[in-house]
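Next comes start.txt, with compact mmCIF, C-alpha atoms and all ligand atoms.
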```
# COMPACT_ATOMS: atom_id res chain seq x y z
CA MET B 1 -36.48 -20.86 -70.24
CA SER B 2 -35.15 -22.46 -73.44
CA ALA B 3 -31.77 -24.16 -73.46
CA ALA B 4 -30.55 -21.59 -76.04
CA LEU B 5 -31.35 -18.59 -73.82
CA ASP B 6 -29.95 -20.40 -70.78
CA GLU B 7 -26.73 -21.08 -72.68
CA LEU B 8 -26.51 -17.48 -73.91
CA LEU B 9 -26.97 -16.11 -70.37
CA LYS B 10 -24.10 -18.27 -69.12
CA ARG B 11 -21.82 -16.40 -71.51
CA THR B 12 -23.40 -12.98 -70.86
CA GLN B 13 -21.80 -10.38 -68.59
CA ALA B 14 -23.24 -10.23 -65.08
CA ARG B 15 -24.83 -6.76 -65.46
CA SER B 16 -26.66 -7.67 -68.63
CA LYS B 17 -27.70 -11.05 -67.18
CA GLN B 18 -29.23 -9.26 -64.21
CA MET B 19 -31.15 -7.00 -66.58
CA ILE B 20 -32.58 -10.05 -68.39
CA GLN B 21 -33.65 -11.66 -65.13
CA HIS B 22 -35.33 -8.40 -64.11
CA LEU B 23 -37.14 -8.26 -67.47
CA GLN B 24 -38.41 -11.81 -67.01
CA ALA B 25 -39.69 -10.88 -63.55
CA GLN B 26 -41.54 -7.94 -65.20
CA GLY B 27 -43.37 -10.27 -67.58
CA VAL B 28 -41.10 -10.19 -70.63
CA TYR B 29 -41.16 -13.73 -71.98
CA GLU B 30 -40.40 -13.46 -75.73
CA GLU B 31 -37.10 -15.30 -75.93
CA SER B 32 -35.99 -13.75 -79.21
CA LEU B 33 -36.32 -10.33 -77.54
CA LEU B 34 -34.52 -11.39 -74.35
CA GLU B 35 -31.71 -12.88 -76.44
CA LEU B 36 -31.38 -9.68 -78.45
CA MET B 37 -31.35 -7.46 -75.35
CA ALA B 38 -28.76 -9.74 -73.72
CA THR B 39 -26.38 -9.14 -76.61
CA LEU B 40 -27.07 -5.49 -77.56
CA PRO B 41 -24.45 -3.16 -75.94
CA ARG B 42 -26.86 -0.80 -74.14
CA HIS B 43 -23.91 1.10 -72.58
CA GLU B 44 -23.04 2.43 -76.05
CA PHE B 45 -26.41 4.19 -76.31
CA VAL B 46 -26.34 6.32 -73.14
CA GLU B 47 -24.24 9.35 -72.19
CA PRO B 48 -20.73 8.07 -71.36
CA ALA B 49 -20.92 9.37 -67.78
CA PHE B 50 -23.85 7.00 -67.16
CA SER B 51 -22.59 3.94 -69.01
CA HIS B 52 -21.98 2.07 -65.72
CA LEU B 53 -25.75 2.28 -65.10
CA ALA B 54 -26.78 1.26 -68.61
CA TYR B 55 -28.24 -2.12 -67.55
CA SER B 56 -30.01 -0.82 -64.43
CA PRO B 57 -33.80 -0.54 -64.22
CA THR B 58 -33.85 3.23 -64.71
CA PRO B 59 -34.24 5.79 -67.53
CA LEU B 60 -30.89 7.42 -68.44
CA PRO B 61 -29.67 10.60 -70.20
CA ILE B 62 -28.78 10.26 -73.89
CA GLY B 63 -27.79 13.91 -74.41
CA ARG B 64 -29.77 17.05 -75.31
CA ASN B 65 -31.94 16.71 -72.18
CA GLN B 66 -33.50 13.52 -73.50
CA THR B 67 -33.65 10.08 -71.91
CA ILE B 68 -33.69 6.46 -72.98
CA SER B 69 -36.53 4.59 -71.27
CA GLN B 70 -35.73 1.93 -68.70
CA PRO B 71 -35.12 -1.53 -70.18
CA SER B 72 -38.47 -2.98 -69.07
CA THR B 73 -40.45 -0.20 -70.79
CA VAL B 74 -38.58 -0.69 -74.08
CA ALA B 75 -38.97 -4.46 -73.77
CA ILE B 76 -42.70 -4.40 -73.00
CA MET B 77 -43.50 -2.07 -75.91
CA THR B 78 -41.46 -4.28 -78.24
CA GLN B 79 -43.11 -7.42 -76.90
CA TRP B 80 -46.56 -5.94 -77.68
CA LEU B 81 -45.40 -5.42 -81.27
CA LEU B 82 -44.22 -9.03 -81.48
CA GLN B 83 -47.54 -10.21 -80.09
CA TYR B 84 -49.91 -8.11 -82.17
CA ALA B 85 -48.28 -6.48 -85.20
CA ARG B 86 -47.50 -7.71 -88.67
CA LEU B 87 -43.70 -7.33 -88.74
CA GLY B 88 -43.56 -5.54 -92.09
CA ARG B 89 -43.09 -1.77 -91.91
CA VAL B 90 -42.90 0.21 -88.68
CA LEU B 91 -42.68 3.96 -87.99
CA GLU B 92 -40.90 5.14 -84.84
CA VAL B 93 -41.31 8.72 -83.63
CA GLY B 94 -38.44 9.77 -81.33
CA THR B 95 -35.26 8.01 -82.52
CA GLY B 96 -33.28 9.35 -79.54
CA SER B 97 -30.28 7.09 -78.97
CA GLY B 98 -31.46 4.56 -81.55
CA TYR B 99 -31.72 1.73 -78.99
CA GLN B 100 -35.41 1.05 -79.61
CA THR B 101 -34.70 1.49 -83.34
CA CYS B 102 -32.17 -1.38 -83.15
CA LEU B 103 -34.73 -3.70 -81.58
CA LEU B 104 -37.29 -2.76 -84.24
CA ALA B 105 -34.75 -3.28 -87.04
CA HIS B 106 -34.13 -6.78 -85.80
CA PHE B 107 -37.79 -7.82 -85.96
CA PHE B 108 -39.35 -5.71 -88.75
CA ASN B 109 -38.53 -5.81 -92.46
CA LYS B 110 -38.29 -2.01 -92.61
CA VAL B 111 -38.06 0.75 -90.00
CA HIS B 112 -38.76 4.45 -90.56
CA THR B 113 -37.63 6.62 -87.65
CA ILE B 114 -38.04 10.36 -87.02
CA GLU B 115 -36.04 12.55 -84.60
CA ARG B 116 -36.53 16.31 -84.13
CA GLN B 117 -33.02 17.04 -82.71
CA LYS B 118 -30.36 17.09 -85.39
CA SER B 119 -27.45 15.96 -83.19
CA LEU B 120 -29.35 12.92 -81.86
CA TYR B 121 -30.46 12.06 -85.39
CA VAL B 122 -26.84 12.24 -86.63
CA GLN B 123 -25.48 10.17 -83.71
CA ALA B 124 -28.13 7.45 -83.89
CA GLN B 125 -27.63 7.10 -87.64
CA ALA B 126 -23.85 6.70 -87.20
CA ARG B 127 -24.33 4.22 -84.35
CA LEU B 128 -26.63 1.93 -86.35
CA LYS B 129 -24.40 2.19 -89.42
CA SER B 130 -21.42 1.03 -87.34
CA MET B 131 -23.54 -1.98 -86.27
CA SER B 132 -24.21 -2.77 -89.97
CA ILE B 133 -27.98 -2.29 -89.58
CA LYS B 134 -29.30 -1.54 -93.05
CA ASN B 135 -33.11 -1.68 -92.93
CA VAL B 136 -33.65 1.69 -91.23
CA GLU B 137 -34.52 5.03 -92.86
CA PHE B 138 -33.76 8.04 -90.68
CA LEU B 139 -35.46 11.42 -90.89
CA HIS B 140 -34.61 14.66 -89.11
CA GLY B 141 -38.07 16.14 -88.69
CA ASP B 142 -41.19 16.63 -86.59
CA GLY B 143 -43.06 13.38 -85.96
CA HIS B 144 -46.35 15.30 -85.73
CA LEU B 145 -46.21 15.54 -89.53
CA GLY B 146 -45.75 11.80 -90.10
CA TRP B 147 -43.44 10.38 -92.79
CA PRO B 148 -43.20 12.66 -95.88
CA GLN B 149 -44.07 9.88 -98.35
CA LYS B 150 -47.51 8.66 -97.44
CA ILE B 151 -46.50 5.05 -96.88
CA GLN B 152 -48.93 2.87 -94.93
CA MET B 153 -47.42 1.30 -91.81
CA ASP B 154 -48.11 -2.02 -90.09
CA ALA B 155 -47.21 -0.42 -86.77
CA ILE B 156 -46.39 2.98 -85.27
CA ILE B 157 -44.50 3.47 -82.03
CA VAL B 158 -44.11 6.87 -80.41
CA THR B 159 -41.42 7.09 -77.72
CA ALA B 160 -42.35 10.55 -76.38
CA MET B 161 -45.53 11.52 -74.54
CA ALA B 162 -48.38 13.77 -75.67
CA SER B 163 -51.99 14.34 -74.63
CA LYS B 164 -53.29 12.97 -77.92
CA VAL B 165 -52.17 10.98 -80.94
CA PRO B 166 -51.15 13.27 -83.86
CA ALA B 167 -53.66 12.86 -86.72
CA ALA B 168 -50.90 12.60 -89.35
CA LEU B 169 -49.72 9.44 -87.60
CA THR B 170 -53.08 7.70 -87.37
CA ASP B 171 -53.59 8.44 -91.08
CA MET B 172 -50.46 6.39 -91.86
CA LEU B 173 -51.57 3.24 -90.07
CA LYS B 174 -52.98 0.32 -92.06
CA GLU B 175 -56.31 -1.23 -91.22
CA GLY B 176 -55.58 -3.71 -88.41
CA GLY B 177 -52.30 -1.89 -87.68
CA ILE B 178 -50.89 -1.43 -84.17
CA LEU B 179 -50.24 1.91 -82.45
CA ILE B 180 -48.16 2.20 -79.28
CA MET B 181 -47.84 5.57 -77.58
CA PRO B 182 -47.54 7.06 -74.08
CA ILE B 183 -50.47 9.38 -73.37
CA ALA B 184 -50.31 12.16 -70.78
CA ASP B 185 -53.55 11.62 -68.89
CA ASP B 186 -54.34 11.92 -65.15
CA VAL B 187 -52.24 8.79 -64.87
CA PRO B 188 -49.68 8.77 -67.73
CA THR B 189 -50.23 5.50 -69.59
CA ILE B 190 -48.60 3.72 -72.53
CA GLY B 191 -51.38 2.33 -74.66
CA CYS B 192 -51.37 -0.31 -77.37
CA TRP B 193 -54.27 -0.12 -79.82
CA ARG B 194 -55.37 -1.89 -82.97
CA ARG B 195 -56.98 0.16 -85.73
CA VAL B 196 -60.35 -1.38 -86.62
CA GLY B 197 -61.96 0.76 -89.33
CA SER B 198 -62.50 4.21 -87.81
CA LYS B 199 -62.31 2.78 -84.28
CA TRP B 200 -59.48 1.87 -81.93
CA LYS B 201 -59.43 -1.27 -79.88
CA ARG B 202 -57.21 -0.99 -76.82
CA LEU B 203 -55.19 -4.18 -76.36
CA GLU B 204 -52.77 -3.27 -73.58
CA ALA B 205 -51.83 -0.51 -71.14
CA ALA B 206 -48.93 0.13 -68.75
CA PRO B 207 -47.70 3.05 -66.61
CA ALA B 208 -45.68 5.62 -68.56
CA GLN B 209 -42.64 7.76 -67.78
CA PHE B 210 -41.53 9.62 -70.93
CA VAL B 211 -40.09 12.90 -72.16
CA PRO B 212 -42.66 15.07 -73.99
CA LEU B 213 -43.39 14.99 -77.71
CA LEU B 214 -42.44 18.52 -78.81
CA GLU B 215 -43.40 20.62 -81.83
CA GLY B 216 -41.00 21.45 -84.66
CA LYS B 217 -37.42 20.37 -85.28
CA ILE B 218 -34.11 21.65 -83.93
CA ASP B 219 -31.05 22.09 -86.14
CA ALA B 220 -28.50 21.46 -83.40
N1 LIG B 301 -36.60 5.60 -78.45
C1 LIG B 301 -35.59 6.43 -77.83
C2 LIG B 301 -36.19 7.27 -76.75
C3 LIG B 301 -35.74 8.66 -76.87
S1 LIG B 301 -36.59 9.85 -75.89
C4 LIG B 301 -34.41 5.60 -77.39
O1 LIG B 301 -34.47 4.35 -77.44
O2 LIG B 301 -33.38 6.18 -77.02
C5 LIG B 301 -37.70 10.55 -77.06
C6 LIG B 301 -37.10 11.22 -78.26
O3 LIG B 301 -38.18 11.83 -78.99
C7 LIG B 301 -36.12 12.34 -77.97
O4 LIG B 301 -34.92 12.09 -78.63
C8 LIG B 301 -36.80 13.60 -78.53
O5 LIG B 301 -35.90 14.54 -79.08
C9 LIG B 301 -37.71 13.01 -79.58
N2 LIG B 301 -38.88 13.81 -79.96
C10 LIG B 301 -39.67 14.58 -79.16
N3 LIG B 301 -40.64 15.16 -79.90
C11 LIG B 301 -40.47 14.75 -81.18
C12 LIG B 301 -41.16 15.03 -82.39
N4 LIG B 301 -42.22 15.84 -82.45
N5 LIG B 301 -40.71 14.43 -83.53
C13 LIG B 301 -39.62 13.61 -83.50
N6 LIG B 301 -38.94 13.33 -82.37
C14 LIG B 301 -39.35 13.89 -81.22
```
Could you show the structure in this file as structure tokens?
Amino acid sequence: MSAALDELLKRTQARSKQMIQHLQAQGVYEESLLELMATLPRHEFVEPAFSHLAYSPTPLPIGRNQTISQPSTVAIMTQWLLQYARLGRVLEVGTGSGYQTCLLAHFFNKVHTIERQKSLYVQAQARLKSMSIKNVEFLHGDGHLGWPQKIQMDAIIVTAMASKVPAALTDMLKEGGILIMPIADDVPTIGCWRRVGSKWKRLEAAPAQFVPLLEGKIDA
């Protein structure tokens, strides 16, 4: 561990320090990511009744029947992006609480994020604004349709599970771009692929536990 991370952890609250040690035990080694997760107030992203569990290794409710993934899942997906993606423009489908969005905003030049539930979209936008995060564009819409302007992305991350990758999303990914998405197969798996021409090269895989990717948007 670097002296900087060691020093930071000395000043970090016990619950968040424990989370970082758990992440390291799970194979998260990118220090910039560990430092960010040690300082980001995860308890502000979950339903208030669960804030005491915010740093525990478990998914938690964020309202509207949706959940934030457990810290290790968020960290591992982000670490794959740091390992493989060009950190230019990223599209996130499933803004939810905005926690993953915050991590992306820290590392990428520009984040585009889509959420189908209006109230979650409104809350996440307000949360990130209050944290003075300015490189995120929010959209209330259906991620199956992709981003309305046909911008090409360096990476796409989907934080809800489906049986296949929506075609509108793959169309938005640059050659060599990285796609991360949980796929509902016999064994639900989060995959990380690189686009190579019309083919996909799988780079990583991990077990998945995610809420489903649903059709359409909800105005409440
Ligand atoms: N990344 C989030 C995880 C939220 S859970 C976080 O850090 O909190 C997944 C989210 O995907 C939910 O908020 C759900 O409403 C949203 N979602 C599901 N289907 C969607 C779709 N088709 N388009 C956009 N968002 C969708």
**Request:** Within 8 Å of ligand LIG 301 (chain B), which residues show up when you count only C-alpha atoms and all ligand atoms? List them as a PyMOL selection string, please.
**Result:** chain B and resi 45+62+64+66-69+74+92-101+114-117+120+140-144+158-160+210-217
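Taking CA of Ala3 (chain B) as the reference point, CA of Ala85 (chain B) is found at 26.9 Å.
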**Request:** Check the smallest atom-to-atom distance from each of B:Trp193, B:Phe107, B:Tyr84, B:Tyr29 to Ser72 (chain B) using only C-alpha atoms, then report the winner.
**Result:** B:Tyr29
**Counting only C-alpha atoms, the option among B:Cys102, B:Met161, B:Val90, B:Ala54 closest to Ser132 (chain B)** = B:Cys102
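Between Lys118 (chain B) and the residues B:Leu179, B:Ile156, B:Ile133, B:Leu139, the shortest atom-to-atom distance, using all atoms listed in the file, involves B:Leu139.
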